[in-house]
file input-v3.pdb (PDB, C-alpha atoms)
ATOM      1  CA  HIS A   1     130.225  88.775 149.093  1.00  0.00           C
ATOM      2  CA  VAL A   2     129.815  88.282 145.356  1.00  0.00           C
ATOM      3  CA  ALA A   3     126.036  88.855 145.456  1.00  0.00           C
ATOM      4  CA  THR A   4     126.384  92.299 147.014  1.00  0.00           C
ATOM      5  CA  VAL A   5     128.701  93.313 144.175  1.00  0.00           C
ATOM      6  CA  VAL A   6     126.873  91.706 141.249  1.00  0.00           C
ATOM      7  CA  GLU A   7     123.307  92.677 142.202  1.00  0.00           C
ATOM      8  CA  PRO A   8     123.776  96.468 141.824  1.00  0.00           C
ATOM      9  CA  LEU A   9     125.436  95.939 138.447  1.00  0.00           C
ATOM     10  CA  ILE A  10     122.569  93.763 137.206  1.00  0.00           C
ATOM     11  CA  ARG A  11     119.963  96.230 138.445  1.00  0.00           C
ATOM     12  CA  LYS A  12     121.741  99.165 136.865  1.00  0.00           C
ATOM     13  CA  SER A  13     122.025  97.336 133.537  1.00  0.00           C
ATOM     14  CA  SER A  14     118.378  96.215 133.554  1.00  0.00           C
ATOM     15  CA  GLU A  15     117.123  99.701 134.450  1.00  0.00           C
ATOM     16  CA  ALA A  16     119.169 101.238 131.633  1.00  0.00           C
ATOM     17  CA  ALA A  17     117.764  98.703 129.149  1.00  0.00           C
ATOM     18  CA  ALA A  18     114.199  99.306 130.398  1.00  0.00           C
ATOM     19  CA  ASN A  19     114.579 103.086 130.102  1.00  0.00           C
ATOM     20  CA  ALA A  20     116.022 102.772 126.584  1.00  0.00           C
ATOM     21  CA  THR A  21     113.094 100.558 125.537  1.00  0.00           C
ATOM     22  CA  ARG A  22     110.547 103.027 126.895  1.00  0.00           C
ATOM     23  CA  GLU A  23     112.272 105.958 125.220  1.00  0.00           C
ATOM     24  CA  HIS A  24     112.210 104.082 121.921  1.00  0.00           C
ATOM     25  CA  ILE A  25     108.480 103.363 122.308  1.00  0.00           C
ATOM     26  CA  ALA A  26     107.756 106.995 123.194  1.00  0.00           C
ATOM     27  CA  SER A  27     109.774 108.353 120.260  1.00  0.00           C
ATOM     28  CA  ASN A  28     107.841 106.186 117.778  1.00  0.00           C
ATOM     29  CA  GLN A  29     104.423 106.905 119.245  1.00  0.00           C
ATOM     30  CA  ARG A  30     103.592 109.780 116.907  1.00  0.00           C
ATOM     31  CA  ARG A  31     104.973 107.993 113.862  1.00  0.00           C
ATOM     32  CA  ILE A  32     103.521 104.492 114.339  1.00  0.00           C
ATOM     33  CA  GLY A  33     100.571 105.065 116.661  1.00  0.00           C
ATOM     34  CA  ARG A  34      99.372 104.423 120.180  1.00  0.00           C
ATOM     35  CA  ILE A  35      96.820 102.540 122.237  1.00  0.00           C
ATOM     36  CA  VAL A  36      94.042 104.826 123.483  1.00  0.00           C
ATOM     37  CA  THR A  37      91.942 103.811 126.488  1.00  0.00           C
ATOM     38  CA  SER A  38      88.442 105.132 127.079  1.00  0.00           C
ATOM     39  CA  ARG A  39      85.959 104.401 129.820  1.00  0.00           C
ATOM     40  CA  THR A  40      82.737 102.950 128.398  1.00  0.00           C
ATOM     41  CA  SER A  41      81.043 102.528 131.772  1.00  0.00           C
ATOM     42  CA  PRO A  42      81.911 103.057 135.442  1.00  0.00           C
ATOM     43  CA  ASN A  43      83.349  99.537 135.647  1.00  0.00           C
ATOM     44  CA  SER A  44      84.735  98.910 132.157  1.00  0.00           C
ATOM     45  CA  VAL A  45      87.442 100.383 129.961  1.00  0.00           C
ATOM     46  CA  SER A  46      87.958  99.768 126.239  1.00  0.00           C
ATOM     47  CA  GLU A  47      91.096 100.108 124.176  1.00  0.00           C
ATOM     48  CA  SER A  48      91.414 101.334 120.587  1.00  0.00           C
ATOM     49  CA  TRP A  49      94.323 101.894 118.259  1.00  0.00           C
ATOM     50  CA  GLU A  50      95.131 105.384 117.006  1.00  0.00           C
ATOM     51  CA  GLU A  51      97.247 105.400 113.858  1.00  0.00           C
ATOM     52  CA  GLY A  52     100.348 107.564 113.633  1.00  0.00           C
ATOM     53  CA  TYR A  53     101.341 109.931 110.857  1.00  0.00           C
ATOM     54  CA  ALA A  54     103.373 107.304 108.938  1.00  0.00           C
ATOM     55  CA  LEU A  55     100.309 105.362 107.797  1.00  0.00           C
ATOM     56  CA  ARG A  56      98.338 108.559 107.148  1.00  0.00           C
ATOM     57  CA  GLU A  57     101.105 109.788 104.846  1.00  0.00           C
ATOM     58  CA  ILE A  58     101.040 106.502 102.910  1.00  0.00           C
ATOM     59  CA  GLN A  59      97.241 106.657 102.638  1.00  0.00           C
ATOM     60  CA  ASN A  60      97.322 110.270 101.443  1.00  0.00           C
ATOM     61  CA  ARG A  61      99.992 109.441  98.881  1.00  0.00           C
ATOM     62  CA  SER A  62      97.981 106.439  97.656  1.00  0.00           C
ATOM     63  CA  ALA A  63      94.906 108.641  97.282  1.00  0.00           C
ATOM     64  CA  GLU A  64      96.925 111.159  95.236  1.00  0.00           C
ATOM     65  CA  LEU A  65      98.193 108.394  92.938  1.00  0.00           C
ATOM     66  CA  LEU A  66      94.654 107.066  92.500  1.00  0.00           C
ATOM     67  CA  GLN A  67      93.460 110.546  91.548  1.00  0.00           C
ATOM     68  CA  ARG A  68      96.317 110.907  89.049  1.00  0.00           C
ATOM     69  CA  ARG A  69      95.466 107.499  87.585  1.00  0.00           C
ATOM     70  CA  ASP A  70      91.819 108.540  87.119  1.00  0.00           C
ATOM     71  CA  GLU A  71      92.921 111.769  85.408  1.00  0.00           C
ATOM     72  CA  LEU A  72      95.221 109.814  83.088  1.00  0.00           C
ATOM     73  CA  ASP A  73      92.388 107.422  82.245  1.00  0.00           C
ATOM     74  CA  LYS A  74      90.238 110.396  81.233  1.00  0.00           C
ATOM     75  CA  GLN A  75      93.083 111.827  79.131  1.00  0.00           C
ATOM     76  CA  LYS A  76      93.623 108.427  77.512  1.00  0.00           C
ATOM     77  CA  LYS A  77      89.962 108.233  76.499  1.00  0.00           C
ATOM     78  CA  GLN A  78      90.064 111.786  75.125  1.00  0.00           C
ATOM     79  CA  VAL A  79      93.184 111.023  73.088  1.00  0.00           C
ATOM     80  CA  ALA A  80      91.635 107.796  71.763  1.00  0.00           C
ATOM     81  CA  LYS A  81      88.492 109.704  70.761  1.00  0.00           C
ATOM     82  CA  LEU A  82      90.567 112.384  69.045  1.00  0.00           C
ATOM     83  CA  SER A  83      92.646 109.704  67.308  1.00  0.00           C
ATOM     84  CA  ARG A  84      89.516 108.110  65.828  1.00  0.00           C
ATOM     85  CA  LYS A  85      88.292 111.504  64.679  1.00  0.00           C
ATOM     86  CA  VAL A  86      91.613 112.358  62.998  1.00  0.00           C
ATOM     87  CA  ALA A  87      91.754 108.931  61.372  1.00  0.00           C
ATOM     88  CA  ALA A  88      88.235 109.386  59.995  1.00  0.00           C
ATOM     89  CA  ASN A  89      89.139 112.815  58.601  1.00  0.00           C
ATOM     90  CA  ASN A  90      92.313 111.417  57.028  1.00  0.00           C
ATOM     91  CA  ASN A  91      90.357 108.583  55.426  1.00  0.00           C
ATOM     92  CA  THR A  92      87.903 111.079  53.966  1.00  0.00           C
ATOM     93  CA  THR A  93      90.764 113.198  52.626  1.00  0.00           C
ATOM     94  CA  ALA A  94      92.472 110.123  51.199  1.00  0.00           C
ATOM     95  CA  CYS A  95      89.287 109.052  49.398  1.00  0.00           C
ATOM     96  CA  ASP A  96      88.881 112.513  47.884  1.00  0.00           C
ATOM     97  CA  SER A  97      92.523 112.482  46.764  1.00  0.00           C
ATOM     98  CA  SER A  98      92.077 109.017  45.267  1.00  0.00           C
ATOM     99  CA  LYS A  99      89.070 110.167  43.273  1.00  0.00           C
ATOM    100  CA  ASP A 100      90.963 113.182  41.944  1.00  0.00           C
ATOM    101  CA  SER A 101      93.881 110.919  41.038  1.00  0.00           C
ATOM    102  CA  ASN A 102      91.632 108.478  39.192  1.00  0.00           C
ATOM    103  CA  ASN A 103      90.001 111.271  37.224  1.00  0.00           C
ATOM    104  CA  SER A 104      93.427 112.583  36.309  1.00  0.00           C
ATOM    105  CA  ASN A 105      94.533 109.127  35.185  1.00  0.00           C
ATOM    106  CA  ILE A 106      91.482 108.778  32.988  1.00  0.00           C
ATOM    107  CA  PHE A 107      92.317 111.982  31.113  1.00  0.00           C
ATOM    108  CA  SER A 108      95.992 111.019  30.890  1.00  0.00           C
ATOM    109  CA  GLY A 109      95.248 107.551  29.567  1.00  0.00           C
ATOM    110  CA  THR A 110      96.476 105.721  32.696  1.00  0.00           C
ATOM    111  CA  ALA A 111      94.403 102.997  34.293  1.00  0.00           C
ATOM    112  CA  PRO A 112      92.754 104.115  37.524  1.00  0.00           C
ATOM    113  CA  GLY A 113      94.738 102.948  40.558  1.00  0.00           C
ATOM    114  CA  SER A 114      97.647 101.638  38.471  1.00  0.00           C
ATOM    115  CA  SER A 115     100.011 104.202  40.011  1.00  0.00           C
ATOM    116  CA  ASN A 116      99.438 102.566  43.410  1.00  0.00           C
ATOM    117  CA  LEU A 117     100.354  99.046  42.228  1.00  0.00           C
ATOM    118  CA  ASN A 118     103.783  97.465  42.116  1.00  0.00           C
ATOM    119  CA  SER A 119     105.003  94.940  39.547  1.00  0.00           C
ATOM    120  CA  THR A 120     103.073  92.126  41.222  1.00  0.00           C
ATOM    121  CA  GLY A 121      99.842  94.115  41.357  1.00  0.00           C
ATOM    122  CA  THR A 122     100.020  94.648  45.128  1.00  0.00           C
ATOM    123  CA  PRO A 123      99.025  98.071  46.447  1.00  0.00           C
ATOM    124  CA  MET A 124     102.003 100.108  47.621  1.00  0.00           C
ATOM    125  CA  VAL A 125     101.780 101.857  51.017  1.00  0.00           C
ATOM    126  CA  SER A 126     103.931 104.855  51.757  1.00  0.00           C
ATOM    127  CA  THR A 127     105.864 104.701  55.047  1.00  0.00           C
ATOM    128  CA  THR A 128     107.392 108.146  54.982  1.00  0.00           C
ATOM    129  CA  PHE A 129     106.749 110.640  57.792  1.00  0.00           C
ATOM    130  CA  ASP A 130     105.382 113.032  55.202  1.00  0.00           C
ATOM    131  CA  ASP A 131     102.081 111.141  55.442  1.00  0.00           C
ATOM    132  CA  VAL A 132     101.866 111.758  59.206  1.00  0.00           C
ATOM    133  CA  THR A 133      99.924 114.932  59.927  1.00  0.00           C
ATOM    134  CA  ASP A 134     100.623 117.333  62.779  1.00  0.00           C
ATOM    135  CA  ASP A 135      97.516 116.119  64.588  1.00  0.00           C
ATOM    136  CA  GLU A 136      98.651 112.507  64.349  1.00  0.00           C
ATOM    137  CA  MET A 137     102.097 113.416  65.651  1.00  0.00           C
ATOM    138  CA  LYS A 138     100.568 115.239  68.624  1.00  0.00           C
ATOM    139  CA  ILE A 139      98.380 112.220  69.332  1.00  0.00           C
ATOM    140  CA  LEU A 140     101.393 109.893  69.279  1.00  0.00           C
ATOM    141  CA  GLU A 141     103.263 112.189  71.660  1.00  0.00           C
ATOM    142  CA  ALA A 142     100.249 112.359  73.991  1.00  0.00           C
ATOM    143  CA  GLU A 143      99.895 108.550  73.986  1.00  0.00           C
ATOM    144  CA  GLU A 144     103.588 108.073  74.829  1.00  0.00           C
ATOM    145  CA  SER A 145     103.389 110.686  77.570  1.00  0.00           C
ATOM    146  CA  ILE A 146     100.377 108.954  79.126  1.00  0.00           C
ATOM    147  CA  LYS A 147     102.164 105.575  79.010  1.00  0.00           C
ATOM    148  CA  MET A 148     105.216 107.029  80.758  1.00  0.00           C
ATOM    149  CA  HIS A 149     103.051 108.598  83.469  1.00  0.00           C
ATOM    150  CA  PHE A 150     101.245 105.285  84.015  1.00  0.00           C
ATOM    151  CA  LEU A 151     104.589 103.494  84.426  1.00  0.00           C
ATOM    152  CA  HIS A 152     105.759 106.133  86.898  1.00  0.00           C
ATOM    153  CA  ILE A 153     102.560 105.774  88.943  1.00  0.00           C
ATOM    154  CA  LYS A 154     102.910 101.992  88.953  1.00  0.00           C
ATOM    155  CA  LYS A 155     106.471 102.261  90.326  1.00  0.00           C
ATOM    156  CA  GLU A 156     105.332 104.669  93.044  1.00  0.00           C
ATOM    157  CA  GLU A 157     102.472 102.328  93.983  1.00  0.00           C
ATOM    158  CA  MET A 158     104.922  99.440  94.341  1.00  0.00           C
ATOM    159  CA  VAL A 159     107.153 101.565  96.590  1.00  0.00           C
ATOM    160  CA  LEU A 160     104.173 102.542  98.748  1.00  0.00           C
ATOM    161  CA  GLN A 161     103.110  98.906  98.958  1.00  0.00           C
ATOM    162  CA  GLU A 162     106.536  97.937 100.276  1.00  0.00           C
ATOM    163  CA  MET A 163     106.466 100.853 102.734  1.00  0.00           C
ATOM    164  CA  ARG A 164     103.038  99.781 104.013  1.00  0.00           C
ATOM    165  CA  LYS A 165     104.202  96.178 104.389  1.00  0.00           C
ATOM    166  CA  SER A 166     107.312  97.263 106.293  1.00  0.00           C
ATOM    167  CA  LEU A 167     105.256  99.573 108.511  1.00  0.00           C
ATOM    168  CA  GLU A 168     102.776  96.795 109.348  1.00  0.00           C
ATOM    169  CA  THR A 169     105.648  94.510 110.407  1.00  0.00           C
ATOM    170  CA  GLU A 170     107.159  97.259 112.546  1.00  0.00           C
ATOM    171  CA  LYS A 171     103.744  98.063 113.997  1.00  0.00           C
ATOM    172  CA  SER A 172     103.153  94.435 115.055  1.00  0.00           C
ATOM    173  CA  LYS A 173     106.469  94.338 116.931  1.00  0.00           C
ATOM    174  CA  TYR A 174     105.795  97.775 118.385  1.00  0.00           C
ATOM    175  CA  VAL A 175     102.363  96.794 119.749  1.00  0.00           C
ATOM    176  CA  LEU A 176     103.709  93.575 121.282  1.00  0.00           C
ATOM    177  CA  GLU A 177     106.487  95.482 123.048  1.00  0.00           C
ATOM    178  CA  LEU A 178     104.080  98.231 124.131  1.00  0.00           C
ATOM    179  CA  ARG A 179     101.704  95.714 125.731  1.00  0.00           C
ATOM    180  CA  ARG A 180     104.615  93.896 127.351  1.00  0.00           C
ATOM    181  CA  ILE A 181     105.774  97.152 128.966  1.00  0.00           C
ATOM    182  CA  GLN A 182     102.247  97.909 130.182  1.00  0.00           C
ATOM    183  CA  LYS A 183     102.007  94.467 131.800  1.00  0.00           C
ATOM    184  CA  GLU A 184     105.487  94.839 133.272  1.00  0.00           C
ATOM    185  CA  ASP A 185     104.614  98.193 134.855  1.00  0.00           C
ATOM    186  CA  ARG A 186     101.366  96.763 136.307  1.00  0.00           C
ATOM    187  CA  SER A 187     103.004  93.621 137.637  1.00  0.00           C
ATOM    188  CA  ARG A 188     103.383  93.139 141.379  1.00  0.00           C
ATOM    189  CA  PHE A 189     107.014  92.302 140.650  1.00  0.00           C
ATOM    190  CA  ASN A 190     107.754  95.606 138.907  1.00  0.00           C
ATOM    191  CA  LYS A 191     110.224  96.515 141.677  1.00  0.00           C
ATOM    192  CA  ARG A 192     112.318  93.555 140.461  1.00  0.00           C
ATOM    193  CA  PRO A 193     112.772  91.752 143.745  1.00  0.00           C
ATOM    194  CA  VAL A 194     115.305  89.017 144.518  1.00  0.00           C
ATOM    195  CA  LEU A 195     113.663  85.614 144.838  1.00  0.00           C
ATOM    196  CA  HIS A 196     115.040  83.067 147.308  1.00  0.00           C
ATOM    197  CA  ASN A 197     118.113  85.259 147.751  1.00  0.00           C
ATOM    198  CA  ARG A 198     119.263  83.959 144.393  1.00  0.00           C
ATOM    199  CA  TYR A 199     117.253  85.214 141.355  1.00  0.00           C
ATOM    200  CA  ILE A 200     116.751  88.834 140.297  1.00  0.00           C
ATOM    201  CA  LEU A 201     113.716  89.558 138.158  1.00  0.00           C
ATOM    202  CA  VAL A 202     115.041  91.686 135.289  1.00  0.00           C
ATOM    203  CA  ARG A 203     112.487  91.758 132.486  1.00  0.00           C
ATOM    204  CA  LEU A 204     108.945  90.503 131.956  1.00  0.00           C
ATOM    205  CA  LEU A 205     108.814  88.141 128.989  1.00  0.00           C
ATOM    206  CA  GLY A 206     105.095  87.522 128.921  1.00  0.00           C
ATOM    207  CA  LYS A 207     101.887  87.097 130.870  1.00  0.00           C
ATOM    208  CA  GLY A 208      99.051  84.683 130.434  1.00  0.00           C
ATOM    209  CA  GLY A 209      96.148  83.832 132.697  1.00  0.00           C
ATOM    210  CA  PHE A 210      97.322  84.128 136.315  1.00  0.00           C
ATOM    211  CA  SER A 211     101.034  83.590 135.654  1.00  0.00           C
ATOM    212  CA  GLU A 212     103.939  85.726 134.555  1.00  0.00           C
ATOM    213  CA  VAL A 213     107.228  84.762 132.963  1.00  0.00           C
ATOM    214  CA  TRP A 214     110.294  86.836 133.879  1.00  0.00           C
TER
END
call {"tool": "encode", "arguments": {"input": "input-v3.pdb", "output": "structure tokens"}}
result
Amino acid sequence: HVATVVEPLIRKSSEAAANATREHIASNQRRIGRIVTSRTSPNSVSESWEEGYALREIQNRSAELLQRRDELDKQKKQVAKLSRKVAANNNTTACDSSKDSNNSNIFSGTAPGSSNLNSTGTPMVSTTFDDVTDDEMKILEAEESIKMHFLHIKKEEMVLQEMRKSLETEKSKYVLELRRIQKEDRSRFNKRPVLHNRYILVRLLGKGGFSEVW
């Protein structure tokens, strides 16, 4: 009879699929997490979710990036403070140099400040790197370094955000499948009987209220 030939094949296939699903759930338990049951009273049991190492790694990495960002913020403030101090010192030095230049022009018969004016009477500003002091150059290098580190942290934060989002999606599917397996194992049809000598129960699709869908 056809049924006697087909039924063992269907059962073998369904058992192999069920075992593969359970192995997949078990292999991801440490990485994604698991449902932990605890007895709160003699007649009641509560369930809680225990996170796996994947989320803990993301959280630890996020905490490290936050710490690095705070350190960079402190360095940025220190560099800004030093920049203001150097600028103030340079302004003082420039004023002293201007006074000496004016006194020299007076003795040489040149109008004070005339050497700093072009043909239209507009003050000329030097743009050569000779006017940039070593301190100013170090400050510029420090500012650029801080900007680059901030950009690197921002990229890492975006990667972690995508990883967290992907993990949450995987976790939702994982929990649904885990609960489905638990209900399937507790079902009174978990032996996968043949109904009306015609239908073989292969896989539980869902359970709600007092009914089950196979």
call {"tool": "residues_near_point", "arguments": {"input": "input-v3.pdb", "point": "(100.7, 103.3, 98.4)", "cutoff": "9 Å", "atoms": "all atoms listed in the file", "output": "list in words"}}
result
Ile58, Gln59, Asn60, Arg61, Ser62, Ala63, Leu65, Glu156, Glu157, Met158, Val159, Leu160, Gln161, Glu162, Met163 and Arg164 of chain A
call {"tool": "residues_around", "arguments": {"input": "input-v3.pdb", "residues": "Leu178 of chain A", "least_positions_apart": "5", "cutoff": "9 Å", "atoms": "all atoms listed in the file", "output": "number ranges by chain"}}
result
A: 22, 25, 34-35, 173, 183
call {"tool": "write_last_selection", "arguments": {"input": "input-v3.pdb", "atoms": "C-alpha atoms", "output": "PDB file, in the frame of the given file"}}
result
ATOM      1  CA  ARG A  22     110.547 103.027 126.895  1.00  0.00           C
ATOM      2  CA  ILE A  25     108.480 103.363 122.308  1.00  0.00           C
ATOM      3  CA  ARG A  34      99.372 104.423 120.180  1.00  0.00           C
ATOM      4  CA  ILE A  35      96.820 102.540 122.237  1.00  0.00           C
ATOM      5  CA  LYS A 173     106.469  94.338 116.931  1.00  0.00           C
ATOM      6  CA  LYS A 183     102.007  94.467 131.800  1.00  0.00           C
TER       7      LYS A 183
END
call {"tool": "residues_near_point", "arguments": {"input": "input-v3.pdb", "point": "(98.8, 104.9, 90.0)", "cutoff": "9 Å", "atoms": "all atoms listed in the file", "output": "PDB file with C-alpha atoms, in the coordinates of the input"}}
result
ATOM      1  CA  SER A  62      97.981 106.439  97.656  1.00  0.00           C
ATOM      2  CA  GLU A  64      96.925 111.159  95.236  1.00  0.00           C
ATOM      3  CA  LEU A  65      98.193 108.394  92.938  1.00  0.00           C
ATOM      4  CA  LEU A  66      94.654 107.066  92.500  1.00  0.00           C
ATOM      5  CA  GLN A  67      93.460 110.546  91.548  1.00  0.00           C
ATOM      6  CA  ARG A  68      96.317 110.907  89.049  1.00  0.00           C
ATOM      7  CA  ARG A  69      95.466 107.499  87.585  1.00  0.00           C
ATOM      8  CA  ASP A  70      91.819 108.540  87.119  1.00  0.00           C
ATOM      9  CA  HIS A 149     103.051 108.598  83.469  1.00  0.00           C
ATOM     10  CA  PHE A 150     101.245 105.285  84.015  1.00  0.00           C
ATOM     11  CA  LEU A 151     104.589 103.494  84.426  1.00  0.00           C
ATOM     12  CA  HIS A 152     105.759 106.133  86.898  1.00  0.00           C
ATOM     13  CA  ILE A 153     102.560 105.774  88.943  1.00  0.00           C
ATOM     14  CA  LYS A 154     102.910 101.992  88.953  1.00  0.00           C
ATOM     15  CA  LYS A 155     106.471 102.261  90.326  1.00  0.00           C
ATOM     16  CA  GLU A 156     105.332 104.669  93.044  1.00  0.00           C
ATOM     17  CA  GLU A 157     102.472 102.328  93.983  1.00  0.00           C
TER      18      GLU A 157
END
call {"tool": "resolve_selection", "arguments": {"input": "input-v3.pdb", "expression": "the PyMOL selection byres ((chain A and resi 200) around 12)", "output": "PDB file with C-alpha atoms, in the frame of the given file"}}
result
ATOM      1  CA  ALA A   3     126.036  88.855 145.456  1.00  0.00           C
ATOM      2  CA  VAL A   6     126.873  91.706 141.249  1.00  0.00           C
ATOM      3  CA  GLU A   7     123.307  92.677 142.202  1.00  0.00           C
ATOM      4  CA  PRO A   8     123.776  96.468 141.824  1.00  0.00           C
ATOM      5  CA  LEU A   9     125.436  95.939 138.447  1.00  0.00           C
ATOM      6  CA  ILE A  10     122.569  93.763 137.206  1.00  0.00           C
ATOM      7  CA  ARG A  11     119.963  96.230 138.445  1.00  0.00           C
ATOM      8  CA  LYS A  12     121.741  99.165 136.865  1.00  0.00           C
ATOM      9  CA  SER A  14     118.378  96.215 133.554  1.00  0.00           C
ATOM     10  CA  PHE A 189     107.014  92.302 140.650  1.00  0.00           C
ATOM     11  CA  ASN A 190     107.754  95.606 138.907  1.00  0.00           C
ATOM     12  CA  LYS A 191     110.224  96.515 141.677  1.00  0.00           C
ATOM     13  CA  ARG A 192     112.318  93.555 140.461  1.00  0.00           C
ATOM     14  CA  PRO A 193     112.772  91.752 143.745  1.00  0.00           C
ATOM     15  CA  VAL A 194     115.305  89.017 144.518  1.00  0.00           C
ATOM     16  CA  LEU A 195     113.663  85.614 144.838  1.00  0.00           C
ATOM     17  CA  HIS A 196     115.040  83.067 147.308  1.00  0.00           C
ATOM     18  CA  ASN A 197     118.113  85.259 147.751  1.00  0.00           C
ATOM     19  CA  ARG A 198     119.263  83.959 144.393  1.00  0.00           C
ATOM     20  CA  TYR A 199     117.253  85.214 141.355  1.00  0.00           C
ATOM     21  CA  LEU A 201     113.716  89.558 138.158  1.00  0.00           C
ATOM     22  CA  VAL A 202     115.041  91.686 135.289  1.00  0.00           C
ATOM     23  CA  ARG A 203     112.487  91.758 132.486  1.00  0.00           C
ATOM     24  CA  LEU A 204     108.945  90.503 131.956  1.00  0.00           C
ATOM     25  CA  TRP A 214     110.294  86.836 133.879  1.00  0.00           C
TER      26      TRP A 214
END
call {"tool": "atom_distance", "arguments": {"input": "input-v3.pdb", "atom1": "atom CA of Leu176 of chain A", "atom2": "atom CA of Asn43 of chain A"}}
result
25.6 Å
call {"tool": "atom_distance", "arguments": {"input": "input-v3.pdb", "atom1": "atom CA of Met137 of chain A", "atom2": "atom CA of Asn89 of chain A"}}
result
14.8 Å
call {"tool": "closest_residue", "arguments": {"input": "input-v3.pdb", "among": "A:Thr92, A:Asp185, A:Leu72, A:Val86", "to": "Ala142 of chain A", "atoms": "only C-alpha atoms"}}
result
A:Leu72
call {"tool": "resolve_selection", "arguments": {"input": "input-v3.pdb", "expression": "the PyMOL selection byres ((chain A and resi 82) around 12)", "output": "PDB file with C-alpha atoms, keeping the file's coordinate frame"}}
result
ATOM      1  CA  GLN A  75      93.083 111.827  79.131  1.00  0.00           C
ATOM      2  CA  LYS A  76      93.623 108.427  77.512  1.00  0.00           C
ATOM      3  CA  LYS A  77      89.962 108.233  76.499  1.00  0.00           C
ATOM      4  CA  GLN A  78      90.064 111.786  75.125  1.00  0.00           C
ATOM      5  CA  VAL A  79      93.184 111.023  73.088  1.00  0.00           C
ATOM      6  CA  ALA A  80      91.635 107.796  71.763  1.00  0.00           C
ATOM      7  CA  LYS A  81      88.492 109.704  70.761  1.00  0.00           C
ATOM      8  CA  SER A  83      92.646 109.704  67.308  1.00  0.00           C
ATOM      9  CA  ARG A  84      89.516 108.110  65.828  1.00  0.00           C
ATOM     10  CA  LYS A  85      88.292 111.504  64.679  1.00  0.00           C
ATOM     11  CA  VAL A  86      91.613 112.358  62.998  1.00  0.00           C
ATOM     12  CA  ALA A  87      91.754 108.931  61.372  1.00  0.00           C
ATOM     13  CA  ALA A  88      88.235 109.386  59.995  1.00  0.00           C
ATOM     14  CA  ASN A  89      89.139 112.815  58.601  1.00  0.00           C
ATOM     15  CA  ASP A 135      97.516 116.119  64.588  1.00  0.00           C
ATOM     16  CA  GLU A 136      98.651 112.507  64.349  1.00  0.00           C
ATOM     17  CA  LYS A 138     100.568 115.239  68.624  1.00  0.00           C
ATOM     18  CA  ILE A 139      98.380 112.220  69.332  1.00  0.00           C
ATOM     19  CA  LEU A 140     101.393 109.893  69.279  1.00  0.00           C
ATOM     20  CA  ALA A 142     100.249 112.359  73.991  1.00  0.00           C
ATOM     21  CA  GLU A 143      99.895 108.550  73.986  1.00  0.00           C
TER      22      GLU A 143
END
call {"tool": "closest_residue", "arguments": {"input": "input-v3.pdb", "among": "A:Ser211, A:Ser44, A:Gln182, A:Leu167", "to": "Arg56 of chain A", "atoms": "all atoms listed in the file"}}
result
A:Leu167
call {"tool": "axis_aligned_box", "arguments": {"input": "input-v3.pdb", "around": "segment 18-22 of chain A", "padding_each_side": "6 Å", "output": "lines of an AutoDock Vina configuration file"}}
result
center_x = 113.3
center_y = 101.2
center_z = 128.0
size_x = 17.5
size_y = 15.8
size_z = 16.9
call {"tool": "atom_distance", "arguments": {"input": "input-v3.pdb", "atom1": "atom CA of Val213 of chain A", "atom2": "atom CA of Ser13 of chain A"}}
result
19.4 Å
call {"tool": "resolve_selection", "arguments": {"input": "input-v3.pdb", "expression": "the PyMOL selection byres ((chain A and resi 47) around 9)", "output": "list in words"}}
result
Ile35, Val36, Thr37, Ser38, Arg39, Val45, Ser46, Ser48 and Trp49 of chain A
call {"tool": "closest_residue", "arguments": {"input": "input-v3.pdb", "among": "A:Arg180, A:Lys207, A:Arg188, A:Lys74", "to": "Ile146 of chain A", "atoms": "all atoms listed in the file"}}
result
A:Lys74
call {"tool": "closest_residue", "arguments": {"input": "input-v3.pdb", "among": "A:Ala17, A:Arg179, A:Glu50, A:Glu212", "to": "Gln29 of chain A", "atoms": "all atoms listed in the file"}}
result
A:Glu50
call {"tool": "closest_residue", "arguments": {"input": "input-v3.pdb", "among": "A:Lys171, A:Lys147, A:Ser187, A:Gly52", "to": "Gly206 of chain A", "atoms": "all atoms listed in the file"}}
result
A:Ser187
call {"tool": "build_atoms", "arguments": {"input": "input-v3.pdb", "residues": "segment 170-177 of chain A", "atoms": "N, CA and C atoms", "output": "short mmCIF file (atom, residue, chain, number, x, y, z; two decimals), in the coordinates of the input"}}
result
data_model
loop_
_atom_site.label_atom_id
_atom_site.label_comp_id
_atom_site.auth_asym_id
_atom_site.auth_seq_id
_atom_site.Cartn_x
_atom_site.Cartn_y
_atom_site.Cartn_z
N GLU A 170 106.63 96.47 111.43
CA GLU A 170 107.16 97.26 112.55
C GLU A 170 106.07 97.54 113.58
N LYS A 171 104.86 97.78 113.10
CA LYS A 171 103.74 98.06 114.00
C LYS A 171 103.41 96.85 114.88
N SER A 172 103.45 95.65 114.29
CA SER A 172 103.15 94.44 115.06
C SER A 172 104.15 94.26 116.20
N LYS A 173 105.44 94.46 115.88
CA LYS A 173 106.47 94.34 116.93
C LYS A 173 106.31 95.44 117.97
N TYR A 174 105.95 96.62 117.50
CA TYR A 174 105.80 97.78 118.38
C TYR A 174 104.66 97.54 119.37
N VAL A 175 103.52 97.03 118.89
CA VAL A 175 102.36 96.79 119.75
C VAL A 175 102.67 95.71 120.78
N LEU A 176 103.35 94.64 120.35
CA LEU A 176 103.71 93.58 121.28
C LEU A 176 104.60 94.11 122.41
N GLU A 177 105.59 94.93 122.05
CA GLU A 177 106.49 95.48 123.05
C GLU A 177 105.76 96.49 123.94
#
